[in-house]
Amino acid sequence: MHTSEHLQSFGNHLILGISGTTLSDDDKRALNEFKPVGVIFFAKNFLDGVPYPVWLESFKQLIDQIHQYAERDFMFTTLDHEGGRVVRTPLPITRFPHAYLLKAQAREVAKATALELKSLSINLSWSPVADIFSNPQNPIIGSRAFGTTPETASQGAREYFQGLGAGGILGCAKHFPGHGDTSTDSHVELPTLNLSLEDLRNRELIPFQTLIKEQVPLIMTAHILFPQIDPDVPATLSKIILNDLLREELGFQGVIVSDDLDMKAVSEMFMQSGTVARAFHAGCDLFIVSRNINSSSLERTYKIAEDFSASLNNGSLDAAVVEVARDRIANLLDVTPQYPVYQLDKETLVKNAELAIACTFQNQK
């Protein structure tokens with residue numbers, strides 16, 4: 001068994017999923033023991049098929065309880081909210097089209113999205129996608145990307161990120177160093193991309209460089225193996241990709257966050273001792289454990305936390321590396337707004353719905 005101090009130490013690096021529309025006993029225990037720095041919400045956390053005021057009040061109570069049990073006034077309250085097929089919220093929150101259809105309206109859509117997210121107490125959106133829609137056979141990215149070229153993908157991602165920021169929502173560029181050319185889904189297996197560093201520099205990295213110049217605060221890793229660059233481990237665990245490339249070459253100083261550790265591409269790896277230490281040493285600061293893919297069980301989360309603690313104790317995880325990561329996260333949290341839950345007026349929602357419809361009528365050249 002590990003002490004609550006060890007669990008809370010890992011909690012400083014944890015974005016945790018919640019099991020449902022109310023807190024289970026397991027949720028309450030995990031929130032209290034980990035005191036996670038943030039939470040991630042999914043469709044299962046919202047009442048469905050009930051009027052807007054009803055599900056909104058339920059979600060408000062859930063948010064309040066999370067803060068209470070985590071004993072944190074300040075948290076990252078996060079949502080995968082890209083539009084298209086990646087929307088978790090019930091109506092009347094607007095169903096904006098996927099990124100590829102937004103074109104010149106990307107900034108306006110992002111500002112409208114930010115207003116709606118704020119009303120749900122969300123302060124961090126896991127968007128924009130900085131991948132390129134370069135492989136028509138890609139089962140997971142495709143039209144979630146803003147364009148089929150580095151230039152169009154960069155422009156759309158930049159406009160969207162700026163719109164989120166103007167609306168008071170943090171954005172996160174994903175999935176580094178690029179998920180657009182894969183032909184398999186990292187939710188179900190580990191994709192392999194046979195690209196060289198030069199290939200990445202000429203294409204995949206360009207949208208990320210654009211967002212780094214815009215001072216994007218977070219970049220999310222891709223659970224992808226790049227055998228020409230690092231044949232041993234996927235990007236999430238690769239020092240070559242996260243430290244040498246992202247930190248040193250591209251100069252990113254913000255928070256590096258793992259994609260969901262429940263995804264099949266890496267889920268078994270993170271059950272092996274030493275993996276979380278390797279991820280820290282590679283450059284990861286923050287870890288998402290969604291409890292949304294394999295099961296809602298907390299067993300995996302505790303096992304990763306215990307491995308974190310054991311690695312610190314035996315010296316295989318450098319405490320100085322953890323401290324730098326913790327400071328990066330704490331400094332970002334210090335400037336992250338905390339919003340109350342409130343109901344949007346009908347006029348705003350109608351206006352946003354009209355904007356969503358307008359996006360789908362554009363001339364797609």
# chains A, B, ... in the order shown; residues from 1 in each chain; ligands from 1
>>> residues_around(residues="Leu31 (chain A)", least_positions_apart="4", cutoff="12 Å", atoms="only C-alpha atoms", output="PDB file with C-alpha atoms, in the first residue's frame")
ATOM      1  CA  SER A   4      -2.107   9.234   0.560  1.00  0.00           C
ATOM      2  CA  LEU A   7      -1.330   9.156  -4.355  1.00  0.00           C
ATOM      3  CA  GLN A   8      -1.713  12.934  -4.110  1.00  0.00           C
ATOM      4  CA  PHE A  10       0.545  11.466  -8.699  1.00  0.00           C
ATOM      5  CA  GLY A  11      -2.754  13.385  -8.572  1.00  0.00           C
ATOM      6  CA  ASN A  12      -0.803  16.557  -9.404  1.00  0.00           C
ATOM      7  CA  LEU A  14      -3.622  13.280 -13.325  1.00  0.00           C
ATOM      8  CA  ILE A  15      -6.708  14.122 -15.414  1.00  0.00           C
ATOM      9  CA  LEU A  16      -9.271  11.590 -14.194  1.00  0.00           C
ATOM     10  CA  GLY A  17     -12.529  10.355 -15.710  1.00  0.00           C
ATOM     11  CA  ILE A  18     -15.727  10.168 -13.635  1.00  0.00           C
ATOM     12  CA  SER A  19     -18.008   7.109 -13.825  1.00  0.00           C
ATOM     13  CA  LEU A  23     -20.256  10.277  -8.014  1.00  0.00           C
ATOM     14  CA  SER A  24     -19.994   6.609  -7.104  1.00  0.00           C
ATOM     15  CA  ASP A  25     -18.282   5.575  -3.871  1.00  0.00           C
ATOM     16  CA  ASP A  26     -15.220   4.696  -5.950  1.00  0.00           C
ATOM     17  CA  ASP A  27     -15.251   8.154  -7.545  1.00  0.00           C
ATOM     18  CA  LYS A  35      -6.926  14.967  -5.447  1.00  0.00           C
ATOM     19  CA  PRO A  36      -6.447  15.041  -9.239  1.00  0.00           C
ATOM     20  CA  VAL A  37      -5.455  18.323 -10.840  1.00  0.00           C
ATOM     21  CA  GLY A  38      -8.235  17.849 -13.370  1.00  0.00           C
ATOM     22  CA  VAL A  39     -11.162  15.791 -14.640  1.00  0.00           C
ATOM     23  CA  ILE A  63     -19.022  19.646 -10.672  1.00  0.00           C
ATOM     24  CA  GLN A  65     -19.153  17.432  -5.691  1.00  0.00           C
ATOM     25  CA  ILE A  66     -15.929  16.904  -7.646  1.00  0.00           C
ATOM     26  CA  HIS A  67     -14.436  20.071  -6.171  1.00  0.00           C
ATOM     27  CA  GLN A  68     -15.671  19.058  -2.721  1.00  0.00           C
ATOM     28  CA  TYR A  69     -14.193  15.546  -2.728  1.00  0.00           C
ATOM     29  CA  ALA A  70     -10.961  16.555  -4.485  1.00  0.00           C
ATOM     30  CA  GLU A  71     -10.610  19.392  -1.967  1.00  0.00           C
ATOM     31  CA  ARG A  72      -9.512  21.670  -4.786  1.00  0.00           C
ATOM     32  CA  MET A  75      -9.001  22.377 -11.313  1.00  0.00           C
ATOM     33  CA  LEU A 298     -10.112   2.510 -10.911  1.00  0.00           C
ATOM     34  CA  THR A 301      -5.323   4.224 -12.123  1.00  0.00           C
ATOM     35  CA  TYR A 302      -4.148   2.981  -8.729  1.00  0.00           C
TER      36      TYR A 302
END
>>> residues_around(residues="Arg88 (chain A)", least_positions_apart="3", cutoff="8 Å", atoms="only C-alpha atoms", output="number ranges by chain")
A: 41-43, 79-81
>>> atom_distance(atom1="CA of Ala130 (chain A)", atom2="CA of His175 (chain A)")
6.7 Å
>>> atom_distance(atom1="CA of Ala104 (chain A)", atom2="CA of Tyr160 (chain A)")
9.9 Å
>>> select_by_dssp(residues="region 2-36 of chain A", states="helix (DSSP H, G or I)", output="PyMOL selection string")
chain A and resi 4-11+25-34
>>> write_last_selection(atoms="N, CA, C and O atoms", output="compact mmCIF listing (two decimals), in the first residue's frame")
# COMPACT_ATOMS: atom_id res chain seq x y z
N SER A 4 -1.31 8.23 1.27
CA SER A 4 -2.11 9.23 0.56
C SER A 4 -1.20 10.31 -0.03
O SER A 4 -1.51 10.89 -1.07
N GLU A 5 -0.04 10.54 0.61
CA GLU A 5 0.92 11.52 0.09
C GLU A 5 1.40 11.10 -1.31
O GLU A 5 1.51 11.92 -2.22
N HIS A 6 1.67 9.80 -1.48
CA HIS A 6 2.12 9.30 -2.78
C HIS A 6 1.01 9.42 -3.82
O HIS A 6 1.26 9.78 -4.97
N LEU A 7 -0.21 9.07 -3.42
CA LEU A 7 -1.33 9.16 -4.36
C LEU A 7 -1.59 10.61 -4.77
O LEU A 7 -1.83 10.90 -5.94
N GLN A 8 -1.50 11.51 -3.80
CA GLN A 8 -1.71 12.93 -4.11
C GLN A 8 -0.59 13.48 -4.98
O GLN A 8 -0.82 14.36 -5.82
N SER A 9 0.61 12.97 -4.80
CA SER A 9 1.73 13.40 -5.63
C SER A 9 1.45 13.04 -7.09
O SER A 9 1.68 13.85 -8.00
N PHE A 10 0.92 11.83 -7.33
CA PHE A 10 0.54 11.47 -8.70
C PHE A 10 -0.66 12.28 -9.16
O PHE A 10 -0.77 12.63 -10.34
N GLY A 11 -1.57 12.59 -8.24
CA GLY A 11 -2.75 13.38 -8.57
C GLY A 11 -2.42 14.74 -9.16
O GLY A 11 -3.20 15.30 -9.95
N ASP A 25 -19.19 5.65 -5.03
CA ASP A 25 -18.28 5.57 -3.87
C ASP A 25 -16.83 5.50 -4.32
O ASP A 25 -15.94 6.10 -3.69
N ASP A 26 -16.58 4.78 -5.41
CA ASP A 26 -15.22 4.70 -5.95
C ASP A 26 -14.73 6.06 -6.43
O ASP A 26 -13.57 6.42 -6.23
N ASP A 27 -15.61 6.80 -7.10
CA ASP A 27 -15.25 8.15 -7.54
C ASP A 27 -14.86 9.02 -6.35
O ASP A 27 -13.85 9.73 -6.38
N LYS A 28 -15.68 8.97 -5.32
CA LYS A 28 -15.43 9.80 -4.14
C LYS A 28 -14.09 9.46 -3.50
O LYS A 28 -13.31 10.34 -3.13
N ARG A 29 -13.82 8.15 -3.41
CA ARG A 29 -12.55 7.71 -2.81
C ARG A 29 -11.37 8.16 -3.66
O ARG A 29 -10.39 8.70 -3.14
N ALA A 30 -11.48 7.99 -4.98
CA ALA A 30 -10.38 8.36 -5.87
C ALA A 30 -10.14 9.87 -5.86
O ALA A 30 -8.98 10.32 -5.80
N LEU A 31 -11.21 10.64 -5.91
CA LEU A 31 -11.06 12.09 -5.87
C LEU A 31 -10.41 12.53 -4.57
O LEU A 31 -9.54 13.40 -4.56
N ASN A 32 -10.80 11.89 -3.48
CA ASN A 32 -10.26 12.26 -2.18
C ASN A 32 -8.81 11.82 -1.99
O ASN A 32 -8.01 12.53 -1.38
N GLU A 33 -8.48 10.65 -2.53
CA GLU A 33 -7.12 10.13 -2.33
C GLU A 33 -6.12 10.70 -3.33
O GLU A 33 -4.99 11.02 -2.97
N PHE A 34 -6.53 10.84 -4.60
CA PHE A 34 -5.62 11.40 -5.60
C PHE A 34 -5.60 12.93 -5.59
O PHE A 34 -4.59 13.54 -5.91
>>> select_by_dssp(residues="region 148-212 of chain A", states="strand (DSSP E)", output="short mmCIF file (atom, residue, chain, number, x, y, z; two decimals) with all heavy atoms, in the first residue's frame")
data_model
loop_
_atom_site.label_atom_id
_atom_site.label_comp_id
_atom_site.auth_asym_id
_atom_site.auth_seq_id
_atom_site.Cartn_x
_atom_site.Cartn_y
_atom_site.Cartn_z
N CYS A 172 -5.62 22.86 -26.63
CA CYS A 172 -4.54 21.87 -26.60
C CYS A 172 -4.35 21.34 -28.01
O CYS A 172 -5.30 20.87 -28.64
CB CYS A 172 -4.91 20.72 -25.65
SG CYS A 172 -3.76 19.32 -25.72
N ALA A 173 -3.13 21.43 -28.54
CA ALA A 173 -2.83 20.90 -29.88
C ALA A 173 -2.63 19.39 -29.79
O ALA A 173 -1.91 18.90 -28.93
CB ALA A 173 -1.58 21.57 -30.44
N LYS A 174 -3.27 18.66 -30.70
CA LYS A 174 -3.13 17.20 -30.68
C LYS A 174 -3.13 16.66 -32.10
O LYS A 174 -3.64 17.31 -33.00
CB LYS A 174 -4.25 16.57 -29.83
CG LYS A 174 -5.66 16.77 -30.36
CD LYS A 174 -6.70 16.22 -29.39
CE LYS A 174 -8.09 16.25 -29.98
NZ LYS A 174 -9.12 15.82 -29.02
N HIS A 175 -2.50 15.50 -32.37
CA HIS A 175 -1.81 14.54 -31.50
C HIS A 175 -0.36 14.48 -31.95
O HIS A 175 -0.10 13.99 -33.05
CB HIS A 175 -2.44 13.16 -31.61
CG HIS A 175 -3.95 13.14 -31.44
ND1 HIS A 175 -4.84 13.52 -32.44
CD2 HIS A 175 -4.72 12.79 -30.37
CE1 HIS A 175 -6.08 13.39 -32.01
NE2 HIS A 175 -6.04 12.94 -30.75
N PHE A 176 0.55 14.98 -31.17
CA PHE A 176 1.96 15.14 -31.56
C PHE A 176 2.66 13.79 -31.64
O PHE A 176 2.51 12.97 -30.74
CB PHE A 176 2.67 16.03 -30.54
CG PHE A 176 4.05 16.43 -30.99
CD1 PHE A 176 4.24 17.52 -31.84
CD2 PHE A 176 5.16 15.71 -30.58
CE1 PHE A 176 5.51 17.87 -32.27
CE2 PHE A 176 6.43 16.05 -31.01
CZ PHE A 176 6.61 17.14 -31.86
#
>>> closest_residue(among="A:Asp244, A:Glu108, A:Asp307, A:Asp64", to="Gly283 (chain A)", atoms="only C-alpha atoms")
A:Asp244
>>> closest_residue(among="A:Cys359, A:Leu170, A:Leu344, A:Ile304", to="Phe96 (chain A)", atoms="only C-alpha atoms")
A:Cys359
>>> atom_distance(atom1="CA of Gly274 (chain A)", atom2="CA of Gly254 (chain A)")
24.4 Å
>>> residues_around(residues="Ile206 (chain A)", least_positions_apart="6", cutoff="9 Å", atoms="only C-alpha atoms", output="VMD selection string")
chain A and resid 130 150 to 151 153 to 154 200
>>> write_last_selection(atoms="N, CA, C and O atoms", output="compact mmCIF listing (two decimals), in the first residue's frame")
# COMPACT_ATOMS: atom_id res chain seq x y z
N ALA A 130 -4.37 19.24 -34.56
CA ALA A 130 -3.32 19.81 -35.41
C ALA A 130 -2.82 18.78 -36.42
O ALA A 130 -1.82 19.00 -37.10
N PRO A 150 -0.41 20.93 -44.96
CA PRO A 150 0.11 21.59 -43.76
C PRO A 150 -0.40 23.02 -43.63
O PRO A 150 -0.68 23.48 -42.52
N GLU A 151 -0.57 23.69 -44.76
CA GLU A 151 -0.98 25.09 -44.72
C GLU A 151 -2.43 25.25 -44.27
O GLU A 151 -2.74 26.06 -43.38
N ALA A 153 -4.31 22.99 -42.70
CA ALA A 153 -4.45 22.47 -41.33
C ALA A 153 -3.93 23.48 -40.32
O ALA A 153 -4.54 23.70 -39.26
N SER A 154 -2.81 24.13 -40.64
CA SER A 154 -2.23 25.15 -39.74
C SER A 154 -3.16 26.34 -39.58
O SER A 154 -3.39 26.81 -38.46
N LEU A 200 8.46 14.31 -41.17
CA LEU A 200 7.69 15.04 -40.16
C LEU A 200 7.92 16.54 -40.30
O LEU A 200 6.97 17.34 -40.25
>>> closest_residue(among="A:Pro90, A:Gly168, A:Gly156, A:Gly178", to="Thr210 (chain A)", atoms="only C-alpha atoms")
A:Gly156
>>> residues_around(residues="region 221-237 of chain A", least_positions_apart="5", cutoff="9 Å", atoms="only C-alpha atoms", output="PyMOL selection string")
chain A and resi 174-179+182+186-187+190-197+242+256-260+263+265-266+275-276+278-284
>>> write_last_selection(atoms="C-alpha atoms", output="mmCIF file, in the first residue's frame")
data_model
loop_
_atom_site.group_PDB
_atom_site.id
_atom_site.type_symbol
_atom_site.label_atom_id
_atom_site.label_comp_id
_atom_site.auth_asym_id
_atom_site.auth_seq_id
_atom_site.Cartn_x
_atom_site.Cartn_y
_atom_site.Cartn_z
ATOM 1 C CA LYS A 174 -3.130 17.200 -30.675
ATOM 2 C CA HIS A 175 -1.813 14.541 -31.501
ATOM 3 C CA PHE A 176 1.958 15.139 -31.559
ATOM 4 C CA PRO A 177 3.893 14.498 -33.767
ATOM 5 C CA GLY A 178 0.928 13.839 -36.102
ATOM 6 C CA HIS A 179 -1.843 11.233 -36.364
ATOM 7 C CA THR A 182 -2.241 6.532 -39.899
ATOM 8 C CA SER A 186 -4.945 3.960 -31.517
ATOM 9 C CA HIS A 187 -8.089 3.383 -29.425
ATOM 10 C CA LEU A 190 -0.873 0.703 -31.745
ATOM 11 C CA PRO A 191 -0.542 2.392 -35.161
ATOM 12 C CA THR A 192 2.839 2.442 -36.908
ATOM 13 C CA LEU A 193 3.947 5.301 -39.168
ATOM 14 C CA ASN A 194 7.037 4.694 -41.256
ATOM 15 C CA LEU A 195 7.989 8.366 -41.547
ATOM 16 C CA SER A 196 11.446 9.874 -41.108
ATOM 17 C CA LEU A 197 12.226 12.986 -39.078
ATOM 18 C CA LEU A 242 8.927 14.564 -26.857
ATOM 19 C CA ILE A 256 2.887 17.923 -22.514
ATOM 20 C CA VAL A 257 -0.145 15.724 -21.837
ATOM 21 C CA SER A 258 -0.527 12.073 -22.755
ATOM 22 C CA ASP A 259 -3.454 10.928 -24.803
ATOM 23 C CA ASP A 260 -5.731 8.629 -22.797
ATOM 24 C CA MET A 263 -6.449 3.387 -25.103
ATOM 25 C CA ALA A 265 -2.349 1.247 -28.048
ATOM 26 C CA VAL A 266 -0.658 1.768 -24.641
ATOM 27 C CA THR A 275 6.431 2.708 -17.843
ATOM 28 C CA VAL A 276 5.171 5.825 -16.089
ATOM 29 C CA ARG A 278 9.750 6.331 -18.811
ATOM 30 C CA ALA A 279 6.902 8.641 -19.846
ATOM 31 C CA PHE A 280 8.049 11.324 -17.379
ATOM 32 C CA HIS A 281 11.653 11.024 -18.552
ATOM 33 C CA ALA A 282 10.476 11.221 -22.179
ATOM 34 C CA GLY A 283 8.767 14.544 -21.449
ATOM 35 C CA CYS A 284 5.162 13.904 -20.337
#
>>> residues_around(residues="Phe46 (chain A)", least_positions_apart="3", cutoff="7 Å", atoms="only C-alpha atoms", output="PyMOL selection string")
chain A and resi 21+43+55+59+89
>>> write_last_selection(atoms="N, CA and C atoms", output="compact mmCIF listing (two decimals), in the first residue's frame")
# COMPACT_ATOMS: atom_id res chain seq x y z
N THR A 21 -23.28 10.19 -14.01
CA THR A 21 -23.88 11.51 -13.79
C THR A 21 -23.83 11.93 -12.32
N ALA A 43 -19.99 11.74 -22.52
CA ALA A 43 -21.45 11.74 -22.61
C ALA A 43 -22.09 11.09 -21.38
N TRP A 55 -30.79 18.65 -16.96
CA TRP A 55 -29.44 18.06 -17.06
C TRP A 55 -28.37 19.04 -16.62
N PHE A 59 -25.56 18.39 -13.79
CA PHE A 59 -24.12 18.53 -14.07
C PHE A 59 -23.48 19.53 -13.10
N THR A 89 -21.85 16.55 -25.20
CA THR A 89 -22.90 17.25 -24.47
C THR A 89 -24.28 17.05 -25.09
>>> decode(residues="region 214-315 of chain A", atoms="C-alpha atoms", output="PDB file, in the first residue's frame")
ATOM      1  CA  GLU A 214       0.697  31.159 -30.893  1.00  0.00           C
ATOM      2  CA  GLN A 215       1.740  29.994 -27.399  1.00  0.00           C
ATOM      3  CA  VAL A 216      -0.592  27.019 -27.179  1.00  0.00           C
ATOM      4  CA  PRO A 217      -0.406  25.983 -23.490  1.00  0.00           C
ATOM      5  CA  LEU A 218      -0.727  22.199 -23.944  1.00  0.00           C
ATOM      6  CA  ILE A 219       0.259  19.635 -26.558  1.00  0.00           C
ATOM      7  CA  MET A 220      -1.131  16.088 -26.473  1.00  0.00           C
ATOM      8  CA  THR A 221       0.966  13.080 -27.461  1.00  0.00           C
ATOM      9  CA  ALA A 222       0.054  10.462 -30.072  1.00  0.00           C
ATOM     10  CA  HIS A 223       0.092   6.772 -29.158  1.00  0.00           C
ATOM     11  CA  ILE A 224       1.901   5.955 -32.417  1.00  0.00           C
ATOM     12  CA  LEU A 225       5.131   4.081 -33.143  1.00  0.00           C
ATOM     13  CA  PHE A 226       7.562   5.823 -35.515  1.00  0.00           C
ATOM     14  CA  PRO A 227      10.135   3.066 -36.176  1.00  0.00           C
ATOM     15  CA  GLN A 228      12.434   5.280 -38.264  1.00  0.00           C
ATOM     16  CA  ILE A 229      12.663   7.777 -35.379  1.00  0.00           C
ATOM     17  CA  ASP A 230      12.318   5.636 -32.245  1.00  0.00           C
ATOM     18  CA  PRO A 231      11.780   1.905 -32.948  1.00  0.00           C
ATOM     19  CA  ASP A 232      11.338   0.993 -29.273  1.00  0.00           C
ATOM     20  CA  VAL A 233       8.332   2.924 -27.983  1.00  0.00           C
ATOM     21  CA  PRO A 234       5.366   5.033 -29.157  1.00  0.00           C
ATOM     22  CA  ALA A 235       5.620   8.830 -29.124  1.00  0.00           C
ATOM     23  CA  THR A 236       4.052   9.080 -25.647  1.00  0.00           C
ATOM     24  CA  LEU A 237       7.103   7.243 -24.235  1.00  0.00           C
ATOM     25  CA  SER A 238       9.759   8.543 -26.625  1.00  0.00           C
ATOM     26  CA  LYS A 239      12.411  10.958 -25.352  1.00  0.00           C
ATOM     27  CA  ILE A 240      13.545  11.476 -28.949  1.00  0.00           C
ATOM     28  CA  ILE A 241      10.078  12.671 -29.969  1.00  0.00           C
ATOM     29  CA  LEU A 242       8.927  14.564 -26.857  1.00  0.00           C
ATOM     30  CA  ASN A 243      12.180  15.958 -25.493  1.00  0.00           C
ATOM     31  CA  ASP A 244      14.573  16.179 -28.431  1.00  0.00           C
ATOM     32  CA  LEU A 245      12.007  17.113 -31.061  1.00  0.00           C
ATOM     33  CA  LEU A 246       9.158  18.911 -29.249  1.00  0.00           C
ATOM     34  CA  ARG A 247      11.053  20.556 -26.392  1.00  0.00           C
ATOM     35  CA  GLU A 248      14.507  21.142 -27.889  1.00  0.00           C
ATOM     36  CA  GLU A 249      13.988  21.544 -31.637  1.00  0.00           C
ATOM     37  CA  LEU A 250      10.526  23.156 -31.651  1.00  0.00           C
ATOM     38  CA  GLY A 251      11.051  25.033 -28.382  1.00  0.00           C
ATOM     39  CA  PHE A 252       7.746  24.102 -26.714  1.00  0.00           C
ATOM     40  CA  GLN A 253       7.762  25.202 -23.074  1.00  0.00           C
ATOM     41  CA  GLY A 254       4.163  24.351 -22.135  1.00  0.00           C
ATOM     42  CA  VAL A 255       2.534  21.234 -20.663  1.00  0.00           C
ATOM     43  CA  ILE A 256       2.887  17.923 -22.514  1.00  0.00           C
ATOM     44  CA  VAL A 257      -0.145  15.724 -21.837  1.00  0.00           C
ATOM     45  CA  SER A 258      -0.527  12.073 -22.755  1.00  0.00           C
ATOM     46  CA  ASP A 259      -3.454  10.928 -24.803  1.00  0.00           C
ATOM     47  CA  ASP A 260      -5.731   8.629 -22.797  1.00  0.00           C
ATOM     48  CA  LEU A 261      -3.778   5.845 -21.045  1.00  0.00           C
ATOM     49  CA  ASP A 262      -6.860   3.600 -21.320  1.00  0.00           C
ATOM     50  CA  MET A 263      -6.449   3.387 -25.103  1.00  0.00           C
ATOM     51  CA  LYS A 264      -5.475  -0.083 -26.333  1.00  0.00           C
ATOM     52  CA  ALA A 265      -2.349   1.247 -28.048  1.00  0.00           C
ATOM     53  CA  VAL A 266      -0.658   1.768 -24.641  1.00  0.00           C
ATOM     54  CA  SER A 267      -3.001   0.408 -21.947  1.00  0.00           C
ATOM     55  CA  GLU A 268      -0.994  -2.803 -21.380  1.00  0.00           C
ATOM     56  CA  MET A 269       2.329  -0.938 -21.421  1.00  0.00           C
ATOM     57  CA  PHE A 270       1.194   1.234 -18.523  1.00  0.00           C
ATOM     58  CA  MET A 271       0.446  -1.861 -16.476  1.00  0.00           C
ATOM     59  CA  GLN A 272       4.170  -2.748 -16.593  1.00  0.00           C
ATOM     60  CA  SER A 273       6.474  -1.366 -13.927  1.00  0.00           C
ATOM     61  CA  GLY A 274       8.688   1.483 -15.028  1.00  0.00           C
ATOM     62  CA  THR A 275       6.431   2.708 -17.843  1.00  0.00           C
ATOM     63  CA  VAL A 276       5.171   5.825 -16.089  1.00  0.00           C
ATOM     64  CA  ALA A 277       8.778   6.715 -15.175  1.00  0.00           C
ATOM     65  CA  ARG A 278       9.750   6.331 -18.811  1.00  0.00           C
ATOM     66  CA  ALA A 279       6.902   8.641 -19.846  1.00  0.00           C
ATOM     67  CA  PHE A 280       8.049  11.324 -17.379  1.00  0.00           C
ATOM     68  CA  HIS A 281      11.653  11.024 -18.552  1.00  0.00           C
ATOM     69  CA  ALA A 282      10.476  11.221 -22.179  1.00  0.00           C
ATOM     70  CA  GLY A 283       8.767  14.544 -21.449  1.00  0.00           C
ATOM     71  CA  CYS A 284       5.162  13.904 -20.337  1.00  0.00           C
ATOM     72  CA  ASP A 285       3.942  16.181 -17.551  1.00  0.00           C
ATOM     73  CA  LEU A 286       0.258  15.262 -17.333  1.00  0.00           C
ATOM     74  CA  PHE A 287      -1.652  11.995 -17.872  1.00  0.00           C
ATOM     75  CA  ILE A 288      -5.260  11.344 -18.871  1.00  0.00           C
ATOM     76  CA  VAL A 289      -6.947   8.225 -17.472  1.00  0.00           C
ATOM     77  CA  SER A 290     -10.490   8.487 -18.823  1.00  0.00           C
ATOM     78  CA  ARG A 291     -12.103   5.289 -17.495  1.00  0.00           C
ATOM     79  CA  ASN A 292     -14.184   5.473 -20.664  1.00  0.00           C
ATOM     80  CA  ILE A 293     -12.719   2.802 -22.948  1.00  0.00           C
ATOM     81  CA  ASN A 294     -11.859  -0.449 -21.160  1.00  0.00           C
ATOM     82  CA  SER A 295     -13.961  -0.127 -18.022  1.00  0.00           C
ATOM     83  CA  SER A 296     -14.884   2.366 -15.354  1.00  0.00           C
ATOM     84  CA  SER A 297     -12.663   0.519 -12.881  1.00  0.00           C
ATOM     85  CA  LEU A 298     -10.112   2.510 -10.911  1.00  0.00           C
ATOM     86  CA  GLU A 299      -7.756  -0.456 -10.546  1.00  0.00           C
ATOM     87  CA  ARG A 300      -5.571   0.676 -13.456  1.00  0.00           C
ATOM     88  CA  THR A 301      -5.323   4.224 -12.123  1.00  0.00           C
ATOM     89  CA  TYR A 302      -4.148   2.981  -8.729  1.00  0.00           C
ATOM     90  CA  LYS A 303      -1.666   0.613 -10.354  1.00  0.00           C
ATOM     91  CA  ILE A 304      -0.109   3.436 -12.394  1.00  0.00           C
ATOM     92  CA  ALA A 305       0.042   5.602  -9.262  1.00  0.00           C
ATOM     93  CA  GLU A 306       1.723   2.795  -7.315  1.00  0.00           C
ATOM     94  CA  ASP A 307       4.260   2.346 -10.108  1.00  0.00           C
ATOM     95  CA  PHE A 308       4.895   6.111 -10.008  1.00  0.00           C
ATOM     96  CA  SER A 309       5.487   5.931  -6.256  1.00  0.00           C
ATOM     97  CA  ALA A 310       7.712   2.834  -6.461  1.00  0.00           C
ATOM     98  CA  SER A 311       9.783   4.401  -9.246  1.00  0.00           C
ATOM     99  CA  LEU A 312      10.366   7.514  -7.156  1.00  0.00           C
ATOM    100  CA  ASN A 313      11.323   5.386  -4.149  1.00  0.00           C
ATOM    101  CA  ASN A 314      13.816   3.186  -6.037  1.00  0.00           C
ATOM    102  CA  GLY A 315      15.354   6.117  -7.885  1.00  0.00           C
TER     103      GLY A 315
END
